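Peer 1: File structure-v1.txt follows (compact mmCIF, C-alpha atoms):
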```txt
# COMPACT_ATOMS: atom_id res chain seq x y z
CA MET A 1 -14.99 -6.40 20.03
CA VAL A 2 -11.52 -7.94 19.75
CA THR A 3 -8.96 -6.55 22.21
CA ILE A 4 -5.70 -5.94 20.39
CA SER A 5 -2.42 -6.43 22.19
CA PRO A 6 -0.14 -3.38 22.02
CA SER A 7 2.73 -5.53 20.75
CA ILE A 8 1.66 -7.36 17.61
CA ASP A 9 4.25 -9.36 15.66
CA LEU A 10 2.98 -8.21 12.28
CA LYS A 11 5.49 -10.25 10.30
CA GLN A 12 4.63 -13.42 12.22
CA ILE A 13 0.93 -13.03 11.38
CA VAL A 14 1.73 -12.73 7.67
CA VAL A 15 4.43 -15.36 7.09
CA SER A 16 3.63 -18.03 9.69
CA GLY A 17 1.51 -21.06 8.94
CA SER A 18 -0.86 -20.34 11.84
CA THR A 19 -4.58 -19.60 11.60
CA PHE A 20 -5.43 -16.66 9.34
CA GLY A 21 -8.89 -15.14 9.31
CA PRO A 22 -10.88 -12.00 10.19
CA ILE A 23 -9.32 -11.75 13.67
CA GLU A 24 -5.76 -11.82 12.29
CA ILE A 25 -6.69 -9.34 9.54
CA ASP A 26 -8.14 -7.06 12.25
CA LYS A 27 -4.85 -7.28 14.13
CA LEU A 28 -2.86 -6.25 11.04
CA SER A 29 -5.12 -3.25 10.44
CA SER A 30 -5.07 -2.25 14.11
CA ALA A 31 -1.26 -2.40 14.26
CA ILE A 32 -1.01 0.02 11.33
CA ASN A 33 -3.79 2.21 12.75
CA ARG A 34 -1.61 2.70 15.85
CA ASP A 35 1.58 3.30 13.89
CA TYR A 36 1.50 3.92 10.11
CA THR A 37 5.22 3.17 9.81
CA GLN A 38 4.17 -0.45 10.29
CA PHE A 39 2.78 -0.32 6.74
CA GLU A 40 6.32 -0.67 5.36
CA LEU A 41 6.82 -3.74 7.58
CA LEU A 42 3.62 -5.21 6.15
CA ARG A 43 4.89 -4.70 2.60
CA GLU A 44 8.22 -6.35 3.45
CA ALA A 45 6.41 -9.28 5.09
CA VAL A 46 4.27 -9.74 1.96
CA VAL A 47 7.40 -9.79 -0.21
CA GLU A 48 8.84 -12.50 2.05
CA LEU A 49 5.59 -14.46 1.87
CA GLU A 50 5.67 -14.23 -1.94
CA SER A 51 9.23 -15.52 -2.02
CA LYS A 52 8.08 -18.61 -0.13
CA SER A 53 5.07 -19.21 -2.39
CA GLY A 54 5.24 -21.66 -5.25
CA GLU A 55 3.64 -24.70 -6.79
CA ASP A 56 3.54 -26.45 -3.41
CA THR A 57 1.63 -23.60 -1.73
CA SER A 58 -1.72 -24.73 -0.35
CA PRO A 59 -5.00 -23.08 -1.41
CA ALA A 60 -5.27 -21.61 2.10
CA GLY A 61 -1.75 -20.21 1.67
CA PHE A 62 -2.81 -18.42 -1.50
CA VAL A 63 -5.80 -16.92 0.32
CA ARG A 64 -3.45 -15.57 3.02
CA LEU A 65 -1.18 -14.14 0.32
CA GLY A 66 -4.09 -12.63 -1.63
CA VAL A 67 -5.60 -10.93 1.41
CA CYS A 68 -2.23 -9.44 2.38
CA GLN A 69 -1.63 -8.23 -1.19
CA TYR A 70 -5.06 -6.60 -1.06
CA LEU A 71 -4.16 -4.83 2.19
CA ILE A 72 -1.06 -3.21 0.63
CA GLY A 73 -2.99 -2.14 -2.47
CA ARG A 74 -1.62 -4.66 -5.00
CA PHE A 75 -5.03 -5.57 -6.29
CA GLU A 76 -4.13 -7.31 -9.57
CA ASP A 77 -1.72 -9.62 -7.72
CA ALA A 78 -4.27 -10.15 -4.96
CA LEU A 79 -6.90 -11.24 -7.48
CA GLN A 80 -4.56 -13.78 -9.07
CA SER A 81 -3.58 -15.23 -5.67
CA LEU A 82 -7.18 -15.43 -4.47
CA LYS A 83 -8.17 -17.29 -7.65
CA LYS A 84 -5.73 -20.01 -6.57
CA GLY A 85 -7.32 -20.11 -3.12
CA ASP A 86 -9.76 -22.55 -1.62
CA GLY A 87 -12.88 -20.69 -2.75
CA GLY A 88 -14.08 -20.44 0.84
CA ALA A 89 -15.91 -17.63 2.58
CA LEU A 90 -12.79 -15.55 3.35
CA ALA A 91 -11.44 -15.95 -0.19
CA GLN A 92 -14.76 -14.94 -1.75
CA PHE A 93 -15.18 -11.92 0.53
CA PHE A 94 -11.74 -10.50 -0.23
CA THR A 95 -12.15 -11.32 -3.91
CA GLY A 96 -15.18 -9.04 -3.69
CA LYS A 97 -13.20 -6.33 -1.89
CA THR A 98 -10.44 -6.60 -4.49
CA LEU A 99 -12.84 -6.46 -7.44
CA GLN A 100 -14.50 -3.43 -5.87
CA ALA A 101 -11.11 -1.73 -5.54
CA LEU A 102 -10.50 -2.46 -9.24
CA GLY A 103 -13.86 -0.93 -10.15
CA ASP A 104 -15.61 -4.18 -11.14
CA TYR A 105 -18.61 -3.66 -8.89
CA GLU A 106 -20.93 -6.16 -10.60
CA ALA A 107 -18.44 -8.98 -10.08
CA ALA A 108 -17.80 -7.75 -6.53
CA VAL A 109 -21.49 -8.17 -5.65
CA LYS A 110 -21.43 -11.76 -6.91
CA SER A 111 -18.38 -12.54 -4.76
CA PHE A 112 -19.98 -11.00 -1.66
CA GLU A 113 -23.11 -13.09 -2.24
CA LEU A 114 -21.01 -16.26 -2.61
CA SER A 115 -19.11 -15.37 0.54
CA LYS A 116 -22.37 -15.00 2.44
CA LYS A 117 -23.57 -18.41 1.21
CA SER A 118 -20.25 -19.94 2.28
CA GLY A 119 -20.68 -18.74 5.84
CA TYR A 120 -18.96 -15.34 6.05
CA ASN A 121 -20.66 -12.80 8.32
CA SER A 122 -24.00 -12.18 6.61
CA GLU A 123 -24.38 -8.59 7.74
CA THR A 124 -20.86 -7.66 6.61
CA CYS A 125 -21.51 -9.16 3.17
CA THR A 126 -24.86 -7.37 2.84
CA LEU A 127 -23.31 -4.02 3.75
CA SER A 128 -20.55 -4.64 1.19
CA CYS A 129 -23.16 -5.40 -1.48
CA ALA A 130 -24.98 -2.17 -0.61
CA GLU A 131 -21.75 -0.22 -1.05
CA ALA A 132 -20.98 -1.84 -4.41
CA TYR A 133 -24.50 -1.10 -5.69
CA ARG A 134 -24.05 2.52 -4.60
CA TYR A 135 -20.89 2.80 -6.69
CA LEU A 136 -22.94 1.44 -9.61
CA ASP A 137 -25.50 4.21 -8.99
CA ARG A 138 -28.09 1.49 -8.40
CA ILE A 139 -29.52 3.32 -5.40
CA GLU A 140 -32.70 1.25 -5.16
CA ASP A 141 -30.69 -1.98 -5.01
CA SER A 142 -28.42 -0.44 -2.39
CA LEU A 143 -31.37 0.58 -0.26
CA ARG A 144 -32.95 -2.86 -0.71
CA GLN A 145 -29.81 -4.48 0.72
CA LEU A 146 -29.83 -2.12 3.68
CA ASN A 147 -33.57 -2.63 4.26
CA ASN A 148 -32.95 -6.39 4.46
CA LEU A 149 -30.97 -5.81 7.65
CA SER A 150 -32.61 -5.42 11.01
CA GLY A 151 -31.83 -5.59 14.70
CA ALA A 152 -28.58 -4.56 16.38
CA VAL A 153 -26.77 -4.01 13.08
CA GLU A 154 -28.98 -0.96 12.43
CA GLN A 155 -27.24 0.82 15.31
CA THR A 156 -23.70 0.12 14.07
CA ALA A 157 -21.52 2.85 12.60
CA GLU A 158 -20.97 0.90 9.36
CA TYR A 159 -24.70 0.44 8.73
CA LEU A 160 -25.49 4.09 9.52
CA TYR A 161 -22.65 5.30 7.32
CA GLN A 162 -23.69 3.10 4.36
CA ARG A 163 -27.28 4.27 4.64
CA GLY A 164 -26.15 7.89 4.93
CA ALA A 165 -23.87 7.59 1.89
CA THR A 166 -26.69 5.98 -0.10
CA VAL A 167 -29.24 8.61 0.94
CA ASN A 168 -26.69 11.30 0.06
CA LYS A 169 -26.84 10.15 -3.56
CA ILE A 170 -30.55 10.90 -3.66
CA LEU A 171 -31.15 14.57 -4.46
CA GLY A 172 -32.85 16.54 -1.71
CA ASN A 173 -31.84 14.17 1.10
CA GLU A 174 -28.69 15.88 2.40
CA ALA A 175 -30.28 16.65 5.77
CA GLU A 176 -31.11 12.98 6.32
CA ALA A 177 -27.61 11.97 5.22
CA ILE A 178 -26.05 14.37 7.74
CA ARG A 179 -28.26 12.98 10.49
CA LEU A 180 -27.14 9.43 9.66
CA PHE A 181 -23.45 10.42 9.48
CA GLU A 182 -23.78 12.06 12.91
CA ARG A 183 -25.40 8.92 14.32
CA ALA A 184 -22.61 6.80 12.81
CA TYR A 185 -20.07 9.12 14.44
CA GLU A 186 -21.80 8.78 17.82
CA ALA A 187 -21.74 4.99 17.47
CA ASP A 188 -18.00 4.99 16.67
CA LYS A 189 -16.05 8.25 16.78
CA SER A 190 -13.17 6.66 14.86
CA HIS A 191 -15.24 5.17 12.03
CA PRO A 192 -13.51 6.34 8.80
CA GLY A 193 -16.73 6.46 6.79
CA ALA A 194 -18.57 8.57 9.33
CA LEU A 195 -15.60 10.95 9.60
CA PHE A 196 -15.31 11.16 5.81
CA GLY A 197 -19.03 11.80 5.34
CA LEU A 198 -19.08 14.61 7.91
CA ALA A 199 -15.86 16.11 6.50
CA LEU A 200 -17.34 16.14 3.01
CA VAL A 201 -20.49 17.91 4.21
CA ASN A 202 -18.49 20.50 6.18
CA GLU A 203 -16.22 21.16 3.20
CA ARG A 204 -19.22 21.59 0.93
CA HIS A 205 -20.63 24.23 3.29
CA GLY A 206 -17.34 26.11 3.62
CA ASN A 207 -16.41 24.84 7.09
CA ASP A 208 -12.86 24.04 5.95
CA GLU A 209 -11.20 23.95 9.38
CA GLU A 210 -13.74 21.47 10.72
CA ALA A 211 -13.45 19.41 7.51
CA LEU A 212 -9.65 19.39 7.84
CA GLU A 213 -9.76 17.94 11.36
CA LEU A 214 -12.30 15.29 10.35
CA TYR A 215 -10.28 14.24 7.28
CA LYS A 216 -7.12 14.03 9.42
CA ARG A 217 -8.85 11.67 11.83
CA ALA A 218 -10.28 9.61 8.96
CA VAL A 219 -6.88 9.03 7.30
CA SER A 220 -5.44 7.73 10.56
CA ARG A 221 -7.46 4.54 9.99
CA PHE A 222 -6.18 1.64 7.85
CA PRO A 223 -6.83 0.70 5.09
CA THR A 224 -7.26 4.40 4.26
CA ASN A 225 -9.84 5.45 1.70
CA VAL A 226 -8.16 6.99 -1.35
CA GLY A 227 -10.82 9.68 -1.65
CA THR A 228 -10.15 10.75 1.94
CA LEU A 229 -6.41 11.12 1.29
CA ILE A 230 -6.98 13.04 -1.94
CA ASN A 231 -9.51 15.41 -0.34
CA LEU A 232 -7.27 15.99 2.68
CA GLY A 233 -4.29 16.69 0.42
CA ILE A 234 -6.26 19.26 -1.59
CA LEU A 235 -7.49 20.92 1.60
CA TYR A 236 -3.93 21.04 2.97
CA GLU A 237 -2.93 22.87 -0.23
CA ASP A 238 -5.75 25.37 0.29
CA PHE A 239 -4.30 26.08 3.74
CA GLY A 240 -0.78 26.42 2.29
CA MET A 241 0.37 23.26 4.09
CA TYR A 242 2.16 21.82 1.08
CA GLU A 243 4.46 19.35 2.82
CA GLN A 244 1.46 17.71 4.51
CA ALA A 245 -0.30 17.59 1.13
CA VAL A 246 2.72 15.83 -0.38
CA VAL A 247 2.53 13.16 2.35
CA CYS A 248 -1.17 12.53 1.56
CA PHE A 249 -0.63 12.13 -2.19
CA GLN A 250 2.47 9.99 -1.64
CA ARG A 251 0.47 7.66 0.62
CA VAL A 252 -2.00 7.14 -2.24
CA LEU A 253 0.88 6.31 -4.60
CA ASP A 254 2.37 3.90 -2.05
CA SER A 255 -0.68 1.68 -2.57
CA TYR A 256 -1.72 2.79 -6.07
CA PRO A 257 1.49 3.53 -8.04
CA ASN A 258 -0.52 4.18 -11.22
CA HIS A 259 -3.01 6.63 -9.68
CA ASP A 260 -2.83 9.45 -12.25
CA LYS A 261 -4.74 12.02 -10.22
CA ALA A 262 -2.58 11.52 -7.11
CA ARG A 263 0.57 11.75 -9.23
CA LEU A 264 -0.55 15.08 -10.75
CA PHE A 265 -1.57 16.47 -7.35
CA LEU A 266 1.78 15.38 -5.92
CA LYS A 267 3.63 17.34 -8.62
CA ASP A 268 1.53 20.45 -7.96
CA ALA A 269 2.00 20.22 -4.19
CA ARG A 270 5.76 19.86 -4.55
CA ALA A 271 5.92 22.76 -6.98
CA SER A 272 3.88 24.97 -4.62
CA SER A 273 6.04 23.92 -1.68
CA GLU A 274 9.17 25.00 -3.54
CA MET A 275 7.60 28.43 -4.26
CA HIS A 276 7.14 29.00 -0.51
CA PHE A 277 10.78 28.86 0.48
CA ASP A 278 11.35 28.23 4.18
CA GLU A 279 14.86 29.11 5.33
CA ASP A 280 14.81 27.10 8.56
CA ALA A 281 13.44 24.03 6.78
CA GLN A 282 16.00 24.49 4.04
CA ARG A 283 18.85 24.66 6.55
CA LYS A 284 17.61 21.44 8.11
CA ARG A 285 17.40 19.83 4.69
CA ASP A 286 20.91 21.06 3.87
CA ARG A 287 22.28 19.54 7.07
CA MET A 288 20.46 16.29 6.38
CA GLY A 289 21.74 16.32 2.80
CA GLN A 290 25.30 16.59 4.06
CA VAL A 291 24.77 13.61 6.33
CA LEU A 292 23.14 11.55 3.58
CA ASN A 293 26.06 12.28 1.25
CA LEU A 294 28.61 10.86 3.70
CA PRO A 295 30.39 7.86 2.10
CA VAL A 296 29.77 4.54 3.87
CA SER A 297 33.52 3.97 3.59
CA ASP A 298 33.97 6.67 6.28
CA PHE A 299 32.48 4.30 8.86
CA GLU A 300 34.03 1.30 10.52
CA MET A 301 32.36 -1.97 9.63
CA SER A 302 33.26 -5.58 8.96
CA VAL A 303 34.88 -6.57 5.67
CA ARG A 304 31.81 -8.68 4.83
CA SER A 305 29.41 -5.76 5.29
CA ARG A 306 31.69 -3.41 3.38
CA ASN A 307 31.97 -5.81 0.44
CA CYS A 308 28.21 -6.43 0.36
CA LEU A 309 27.42 -2.70 0.23
CA LYS A 310 30.01 -2.17 -2.50
CA THR A 311 28.58 -5.00 -4.60
CA MET A 312 25.07 -3.57 -4.23
CA GLY A 313 26.26 -0.14 -5.43
CA ILE A 314 25.63 1.49 -2.04
CA ASN A 315 28.15 4.32 -1.70
CA THR A 316 26.56 6.83 0.68
CA LEU A 317 24.32 6.86 3.75
CA GLY A 318 21.58 8.20 1.46
CA ASP A 319 21.93 5.15 -0.80
CA LEU A 320 21.65 2.96 2.28
CA CYS A 321 18.50 4.70 3.55
CA LYS A 322 16.79 3.96 0.22
CA ARG A 323 17.20 0.22 0.83
CA THR A 324 14.96 -1.84 3.10
CA GLU A 325 16.10 -4.56 5.48
CA GLN A 326 14.51 -7.12 3.17
CA GLU A 327 16.62 -5.94 0.22
CA LEU A 328 19.85 -6.14 2.20
CA LEU A 329 19.05 -9.59 3.55
CA GLY A 330 18.34 -10.71 -0.02
CA SER A 331 22.01 -10.18 -0.88
CA LYS A 332 24.49 -13.05 -0.81
CA ASN A 333 26.68 -13.17 2.31
CA PHE A 334 24.61 -10.49 4.05
CA GLY A 335 23.10 -11.81 7.27
CA GLU A 336 21.59 -10.69 10.56
CA THR A 337 25.01 -9.78 12.01
CA SER A 338 25.70 -7.36 9.17
CA LEU A 339 22.16 -6.00 9.45
CA VAL A 340 22.65 -5.17 13.15
CA GLU A 341 25.95 -3.50 12.29
CA ILE A 342 24.31 -1.33 9.60
CA ARG A 343 21.41 -0.38 11.89
CA GLU A 344 23.81 0.81 14.59
CA MET A 345 25.87 2.78 12.07
CA LEU A 346 22.78 4.62 10.76
CA SER A 347 21.39 5.14 14.26
CA MET A 348 24.48 7.19 15.18
CA LYS A 349 23.40 9.70 12.52
CA GLY A 350 19.69 9.59 13.37
CA LEU A 351 18.89 7.56 10.27
CA GLN A 352 17.28 4.19 9.56
CA LEU A 353 16.95 1.71 6.74
CA GLY A 354 14.05 2.31 4.34
CA GLN A 355 13.31 5.89 5.41
CA LEU A 356 13.98 7.20 1.89
CA ALA A 357 12.32 4.28 0.08
CA ALA A 358 9.20 6.38 -0.67
CA GLU A 359 11.33 9.18 -2.17
CA LYS A 360 13.14 6.65 -4.34
CA HIS A 361 9.79 5.30 -5.57
CA ALA A 362 8.52 8.84 -6.34
CA ALA A 363 11.72 9.62 -8.27
CA ASP A 364 11.35 6.40 -10.24
CA VAL A 365 7.76 7.33 -11.15
CA ILE A 366 8.84 10.77 -12.41
CA GLU A 367 11.65 9.17 -14.45
CA VAL A 368 9.19 6.85 -16.16
CA GLU A 369 6.82 9.74 -16.86
CA ALA A 370 9.53 11.39 -18.98
CA LEU A 371 9.42 8.47 -21.44
CA PRO A 372 7.18 8.27 -24.54
CA PRO A 373 3.70 6.85 -23.75
CA GLU A 374 4.39 3.48 -25.39
CA GLU A 375 7.56 3.01 -23.32
CA GLN A 376 5.75 4.12 -20.17
CA ALA A 377 3.15 1.41 -20.74
CA VAL A 378 5.83 -1.27 -20.98
CA MET A 379 7.81 0.04 -18.01
CA MET A 380 4.77 0.02 -15.70
CA ARG A 381 3.83 -3.57 -16.55
CA PRO A 382 4.23 -6.02 -13.64
CA VAL A 383 7.19 -8.41 -13.80
CA THR A 384 4.66 -11.24 -13.59
CA ASP A 385 3.95 -10.48 -17.27
CA LEU A 386 7.43 -11.85 -18.07
CA ASN A 387 6.29 -15.37 -17.04
CA LEU A 388 9.53 -16.06 -15.18
CA SER A 389 10.55 -19.37 -13.67
CA VAL A 390 9.85 -20.00 -9.98
CA ARG A 391 13.46 -19.27 -8.96
CA ALA A 392 13.65 -15.99 -10.91
CA ARG A 393 10.20 -14.99 -9.70
CA LYS A 394 11.16 -15.56 -6.07
CA CYS A 395 14.25 -13.43 -6.59
CA MET A 396 12.05 -10.60 -7.88
CA SER A 397 9.88 -10.87 -4.75
CA ARG A 398 12.93 -10.99 -2.51
CA LEU A 399 14.28 -7.78 -4.04
CA GLY A 400 10.85 -6.10 -3.95
CA ILE A 401 10.81 -5.74 -7.76
CA GLN A 402 7.21 -5.37 -8.93
CA THR A 403 7.43 -3.68 -12.35
CA ILE A 404 9.63 -3.91 -15.44
CA ALA A 405 10.80 -0.35 -14.68
CA GLU A 406 12.13 -1.48 -11.31
CA LEU A 407 13.80 -4.51 -12.90
CA VAL A 408 15.71 -2.65 -15.64
CA ARG A 409 17.16 -0.25 -13.07
CA HIS A 410 19.26 -3.15 -11.76
CA THR A 411 22.59 -4.18 -13.22
CA PRO A 412 23.39 -7.85 -13.91
CA ASP A 413 25.86 -7.80 -10.99
CA GLU A 414 23.19 -6.51 -8.61
CA LEU A 415 20.86 -9.35 -9.57
CA LEU A 416 23.62 -11.94 -9.30
CA GLU A 417 24.31 -10.69 -5.80
CA SER A 418 20.84 -11.89 -4.75
CA LYS A 419 20.61 -15.20 -2.92
CA ASN A 420 19.82 -18.25 -5.09
CA PHE A 421 20.07 -16.18 -8.27
CA GLY A 422 22.55 -17.43 -10.86
CA VAL A 423 23.60 -16.99 -14.46
CA THR A 424 20.75 -19.20 -15.70
CA SER A 425 18.16 -16.91 -14.12
CA LEU A 426 20.04 -13.85 -15.39
CA ASN A 427 20.00 -15.13 -18.97
CA GLU A 428 16.31 -15.95 -18.62
CA ILE A 429 15.54 -12.35 -17.60
CA ARG A 430 17.68 -10.97 -20.43
CA GLU A 431 15.76 -13.12 -22.90
CA LYS A 432 12.37 -12.05 -21.54
CA LEU A 433 13.32 -8.36 -21.59
CA THR A 434 14.43 -8.66 -25.21
CA LEU A 435 10.79 -9.35 -26.12
CA TYR A 436 10.03 -5.79 -24.94
CA ASN A 437 13.20 -4.27 -26.43
CA MET A 438 14.50 -3.69 -22.91
CA LYS A 439 17.86 -4.32 -21.24
CA LEU A 440 19.23 -4.29 -17.73
CA ARG A 441 21.09 -1.18 -16.63
CA GLY A 442 24.63 -1.05 -17.96
CA GLU A 443 24.02 -3.51 -20.82
```
Could you rewrite the structure in this file as structure tokens?
Peer 2:
Amino acid sequence: MVTISPSIDLKQIVVSGSTFGPIEIDKLSSAINRDYTQFELLREAVVELESKSGEDTSPAGFVRLGVCQYLIGRFEDALQSLKKGDGGALAQFFTGKTLQALGDYEAAVKSFELSKKSGYNSETCTLSCAEAYRYLDRIEDSLRQLNNLSGAVEQTAEYLYQRGATVNKILGNEAEAIRLFERAYEADKSHPGALFGLALVNERHGNDEEALELYKRAVSRFPTNVGTLINLGILYEDFGMYEQAVVCFQRVLDSYPNHDKARLFLKDARASSEMHFDEDAQRKRDRMGQVLNLPVSDFEMSVRSRNCLKTMGINTLGDLCKRTEQELLGSKNFGETSLVEIREMLSMKGLQLGQLAAEKHAADVIEVEALPPEEQAVMMRPVTDLNLSVRARKCMSRLGIQTIAELVRHTPDELLESKNFGVTSLNEIREKLTLYNMKLRGE
């Protein structure tokens, strides 16, 4: 087992040109397992990596990018990046994981088999094939894969969980499945699959409190299974813990912005939360609201920082908390000195950059939902569909703009404020948006 240092430079692992393989991927996952707030740092690091990618990027560089995009749930982008990779064992394995996440299980099996032939861990590939076959309801093929394994792997939590999950799909074998889940749990008490399997069984038999604790432990692992988050969110609602349910559904949407079920559950949880009015919580929210509404002009800062915030349309502390460090640094004339100044200013009020980014994303999703279906479809398309030039594309990555909806919320001045973005790129974007009958905000 790899021993993980308590102080991992997550950004350095992602953007550096050093070795990148299973050990480094383990380190990224472990860092987020210890502290989920690191997930936002991972997303920012991926945006930076994308801004550095171009025609001169090596195949190995595209594999690194694709794997990282997979880890933050951007599966379509991950697949495109991995296709430009070197076709090696790591690229094939994560192509399989990405295809599986997209629901193309047949293609996923082929990629896992190619990965195995290319030298990736044979047992890991076989277990992944078994899982994909299970999703295809090809239980016999899943069992055949598992039966091909022997030796020490049969005592691992992953093997026991996969066999338990497969057996659980066979009617009349619940008792055997439970036994296997319990053995998987004994082998690794933090294994997300074992925890999920036991939680599911307990929930089915009405042991909701036990199921709740098991789900909570399962979602603390990264990458988190979507089904685990959804089930935990629903169970939280059953217990009247609506704010916790909202967090679960929002975490799904952080990685899967188009997840319809999570979006509907999120609306219901928020609506239920509002029905159970909590005076103390409301007073805290009111106080926080007053702080967030404070104008940034009330605080002392350098002329450069003040001008940058004004140009970016940042008027209040709340506006500032919706922006990430990466977005601020993407602005012309905004450097590390200004960033330190802004951090200190927010810290005085108990705030930090990016803490309201998730709320901003949720609000954007609701705004898009109010549009007619045909406009929704256009708005949710990735900006990569615009086929922008390298310079314009890098600007989109730098600003964290992933969809057309996010793009058209910017004004021309906001885009021009971005580093290395000029009138030529602006006109290019205007022209591309015209094809979809769209315009930038304010035009």
Peer 1: Between A:Gly354, A:Gly442, A:Pro223, A:Gly87, which residue has the minimum interatomic distance to Tyr36 of chain A, considering all atoms listed in the file?
Peer 2: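 Smallest distance to Tyr36 of chain A is found for A:Pro223.
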Peer 1: Calculate how many Å separate atom CA of Arg163 of chain A from atom CA of Lys189 of chain A, rounding to one decimal.
Peer 2: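 Between atom CA of Arg163 of chain A and atom CA of Lys189 of chain A the gap is 17.0 Å.
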Peer 1: Could you pull the residues within 7 Å of segment 289-306 of chain A, counting all atoms listed in the file, minus those fewer than 3 positions along the same chain, as a ChimeraX atom specification?
Peer 2: /A:285-286,309-310,315-318,334,338
Peer 1: Measuring between only C-alpha atoms, which one of A:Lys169, A:Asn437, A:Gly164, A:Glu203 shows the shortest distance to Asp137 of chain A?
Peer 2: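 That would be A:Lys169, the residue with the smallest distance to Asp137 of chain A.
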Peer 1: What's around Arg43 of chain A at 7 Å? Count all atoms listed in the file, leave out sequence neighbours fewer than 4 positions away in its own chain, and write the answer as a PyMOL selection string.
Peer 2: chain A and resi 39+47+72
Peer 1: Out of A:Glu209, A:Asp268, A:Asp385, A:Glu327, which residue has the shortest atom-to-atom distance to Thr403 of chain A when counting all atoms listed in the file?
Peer 2: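 Selected residue with least distance to Thr403 of chain A: A:Asp385.
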Peer 1: Between atom CA of Lys394 of chain A and atom CA of Leu351 of chain A, what is the distance, to one decimal in Å?
Peer 2: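 A separation of 29.3 Å between them.
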Peer 1: (16.1, -2.2, 2.8) in this file's frame - what residues fall within 12 Å of it? Use all atoms listed in the file and give the answer as a PyMOL selection string.
Peer 2: chain A and resi 40-41+43-44+47+309+312+314+318-331+334+339+342-343+352-358+360+398-400
Peer 1: When you draw a straight line from atom CA of Tyr236 of chain A to atom CA of Glu213 of chain A, how long is it in Å?
Peer 2: 10.7 Å
Peer 1: Can you pull out the residues contacting segment 118-124 of chain A? Cut-off 8 Å, using all atoms listed in the file, and skip same-chain residues under 6 positions away; I want them as a list of chain:residue names.
Peer 2: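 Here the qualifying residues turn out to be A:Gly88, A:Ala89, A:Leu90, A:Phe93, A:Leu149, A:Val153.
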Peer 1: Would you list the contacts of Thr411 of chain A as a PyMOL selection string, taking every protein, DNA or RNA residue within 12 Å and counting only C-alpha atoms, but skipping same-chain residues closer than 6 positions in sequence?
Peer 2: chain A and resi 311-313+417-418+426+429-430+439-443
Peer 1: Could you give me, as a PyMOL selection string, the residues within 6 Å of Ala157 of chain A, counting only C-alpha atoms and dropping anything in the same chain fewer than 5 positions from it?
Peer 2: chain A and resi 184+187-188
Peer 1: Which of these residues is nearest to Ala31 of chain A, using all atoms listed in the file: A:Val167, A:Val46, A:Ile13, A:Val246?
Peer 2: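 Under the stated criterion, the closest residue is A:Ile13.
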Peer 1: Pick from A:Asn33, A:Gln100, A:Ser81, A:Gln38: nearest to Ser53 of chain A, with all atoms listed in the file counted?
Peer 2: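 Of the candidates, the smallest distance to Ser53 of chain A is held by A:Ser81.
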Peer 1: Please determine the residues with any atom at most 12 Å from (-2.4, 17.4, -6.3) (coordinates as given in the file, with all atoms listed in the file counting) and report them as a PDB file with C-alpha atoms, keeping the file's coordinate frame.
Peer 2:
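That gives us point-v5.pdb:
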```pdb
ATOM      1  CA  LEU A 229      -6.410  11.120   1.290  1.00  0.00           C
ATOM      2  CA  ILE A 230      -6.980  13.040  -1.940  1.00  0.00           C
ATOM      3  CA  ASN A 231      -9.510  15.410  -0.340  1.00  0.00           C
ATOM      4  CA  LEU A 232      -7.270  15.990   2.680  1.00  0.00           C
ATOM      5  CA  GLY A 233      -4.290  16.690   0.420  1.00  0.00           C
ATOM      6  CA  ILE A 234      -6.260  19.260  -1.590  1.00  0.00           C
ATOM      7  CA  LEU A 235      -7.490  20.920   1.600  1.00  0.00           C
ATOM      8  CA  TYR A 236      -3.930  21.040   2.970  1.00  0.00           C
ATOM      9  CA  GLU A 237      -2.930  22.870  -0.230  1.00  0.00           C
ATOM     10  CA  ASP A 238      -5.750  25.370   0.290  1.00  0.00           C
ATOM     11  CA  TYR A 242       2.160  21.820   1.080  1.00  0.00           C
ATOM     12  CA  GLU A 243       4.460  19.350   2.820  1.00  0.00           C
ATOM     13  CA  GLN A 244       1.460  17.710   4.510  1.00  0.00           C
ATOM     14  CA  ALA A 245      -0.300  17.590   1.130  1.00  0.00           C
ATOM     15  CA  VAL A 246       2.720  15.830  -0.380  1.00  0.00           C
ATOM     16  CA  VAL A 247       2.530  13.160   2.350  1.00  0.00           C
ATOM     17  CA  CYS A 248      -1.170  12.530   1.560  1.00  0.00           C
ATOM     18  CA  PHE A 249      -0.630  12.130  -2.190  1.00  0.00           C
ATOM     19  CA  GLN A 250       2.470   9.990  -1.640  1.00  0.00           C
ATOM     20  CA  VAL A 252      -2.000   7.140  -2.240  1.00  0.00           C
ATOM     21  CA  LEU A 253       0.880   6.310  -4.600  1.00  0.00           C
ATOM     22  CA  HIS A 259      -3.010   6.630  -9.680  1.00  0.00           C
ATOM     23  CA  ASP A 260      -2.830   9.450 -12.250  1.00  0.00           C
ATOM     24  CA  LYS A 261      -4.740  12.020 -10.220  1.00  0.00           C
ATOM     25  CA  ALA A 262      -2.580  11.520  -7.110  1.00  0.00           C
ATOM     26  CA  ARG A 263       0.570  11.750  -9.230  1.00  0.00           C
ATOM     27  CA  LEU A 264      -0.550  15.080 -10.750  1.00  0.00           C
ATOM     28  CA  PHE A 265      -1.570  16.470  -7.350  1.00  0.00           C
ATOM     29  CA  LEU A 266       1.780  15.380  -5.920  1.00  0.00           C
ATOM     30  CA  LYS A 267       3.630  17.340  -8.620  1.00  0.00           C
ATOM     31  CA  ASP A 268       1.530  20.450  -7.960  1.00  0.00           C
ATOM     32  CA  ALA A 269       2.000  20.220  -4.190  1.00  0.00           C
ATOM     33  CA  ARG A 270       5.760  19.860  -4.550  1.00  0.00           C
ATOM     34  CA  ALA A 271       5.920  22.760  -6.980  1.00  0.00           C
ATOM     35  CA  SER A 272       3.880  24.970  -4.620  1.00  0.00           C
ATOM     36  CA  SER A 273       6.040  23.920  -1.680  1.00  0.00           C
TER      37      SER A 273
END
```
